[in-house]
Amino acid sequence: MSNGFESEDFISLTDKAYQRISLAIANLELKPGETLTQDRLAKWLSISRTPVREALRRLEQEGIIHTVPGRGLVVKELTIKDVEDMLELLRLLDPYCAYLAAQRRTDEQARRLAELAQRLMRAAEERDVEAWSITDKPYHEIILEASGNVLLRQTIQDMRKRLHRISINSATRPERLLACTREHMAVAQAIVEGDAEAAQQLMRDHIEAMSASVLTLIRSYIVPIRGERF
């Protein structure tokens with residue numbers, strides 16, 4: 001029978017496996033179309049197969065990987081059309097989410113958001129891409145949480161998870177990192193100040209800039225190397 005400590009250890013290892021595999025997919029270390037096996041990933045992460053299996057189950061539920069008959073679990077491929085469709089949806093939903101967050105955020109949420117925005121800026125100034133990438137996720141999670149709309153939060157989370165391997169590489173490119181961070185800072189400030197109209201417009205501007213950067217990255221770098229599906 002497992003005790004509390006073992007249960008906590010298992011959860012920790014599952015989270016570790018999930019985060020590491022997610023990052024490897026985002027960084028294209030695990031390439032689109034690549035088959036994932038529990039044994040190989042467990043050996044790579046130096047952990048047992050059980051937390052790896054749970055991590056893969058989460059990634060499959062999120063649509064990051066999927067089951068292909070005869071091959072097993074495979075990193076899901078995207079097309080330019082897939083990305084364009086998801087970016088269109090984010091252009092509609094993310095600004096409204098920021099609008100609601102500015103109206104509904106608690107003092108604690110405002111404090112955490114401001115703190116994370118400052119951490120993003122420090123990481124950008126130091127060109128610490130790993131720290132920036134780690135901080136970006138909770139930054140967006142707080143805005144989604146502060147919106148108070150569960151369905152809106154789930155929809156945006158789904159789109160961002162599917163886009164992550166493209167959007168994070170776009171945001172952290174040297175020519176985009178500081179500008180992207182300033183956009184994050186401006187959105188955070190508007191939400192902290194409770195200015196819903198400004199938060200909505202600033203988030204809209206951010207999504208437009210992100211969309212342009214993502215599509216440029218795909219068309220100029222990823223597609224010539226990997227083809228239409230990536």
# chains A, B, ... in the order shown; residues from 1 in each chain; ligands from 1
$ select_by_dssp --residues "range 11-223 of chain A" --states "alpha helix (DSSP H)" --output "number ranges by chain"
A: 11-26, 38-45, 49-61, 80-104, 107-125, 129-147, 150-171, 177-192, 196-217, 223
$ select_by_dssp --residues "range 62-125 of chain A" --states "strand (DSSP E or B)" --output "PyMOL selection string"
chain A and resi 65-68+72-75+79
$ atom_distance --atom1 "CA of Lys137 in chain A" --atom2 "CA of Ser48 in chain A"
26.7 Å
$ residues_around --residues "range 138-154 of chain A" --least-positions-apart "6" --cutoff "10 Å" --atoms "only C-alpha atoms" --output "number ranges by chain"
A: 93-94, 96-106, 109-110, 112-117, 119-120, 160, 184, 187-188, 191
$ atom_distance --atom1 "CA of Ala123 in chain A" --atom2 "CA of Thr135 in chain A"
8.9 Å
$ closest_residue --among "A:Ile64, A:Leu89, A:Met159, A:Ala198" --to "Leu23 in chain A" --atoms "only C-alpha atoms"
A:Ile64
$ residues_around --residues "Glu84 in chain A" --least-positions-apart "3" --cutoff "12 Å" --atoms "only C-alpha atoms" --output "PyMOL selection string"
chain A and resi 78-81+87-91+159+163+166+208+210-212+214-216+218-219
$ atom_distance --atom1 "CA of Thr14 in chain A" --atom2 "CA of Ala55 in chain A"
5.7 Å
$ closest_residue --among "A:Met86, A:Ala196, A:Met121, A:Leu13" --to "Ser46 in chain A" --atoms "only C-alpha atoms"
A:Leu13
$ residues_around --residues "Val52 in chain A" --least-positions-apart "6" --cutoff "12 Å" --atoms "only C-alpha atoms" --output "number ranges by chain"
A: 10-22, 36-46, 58-59
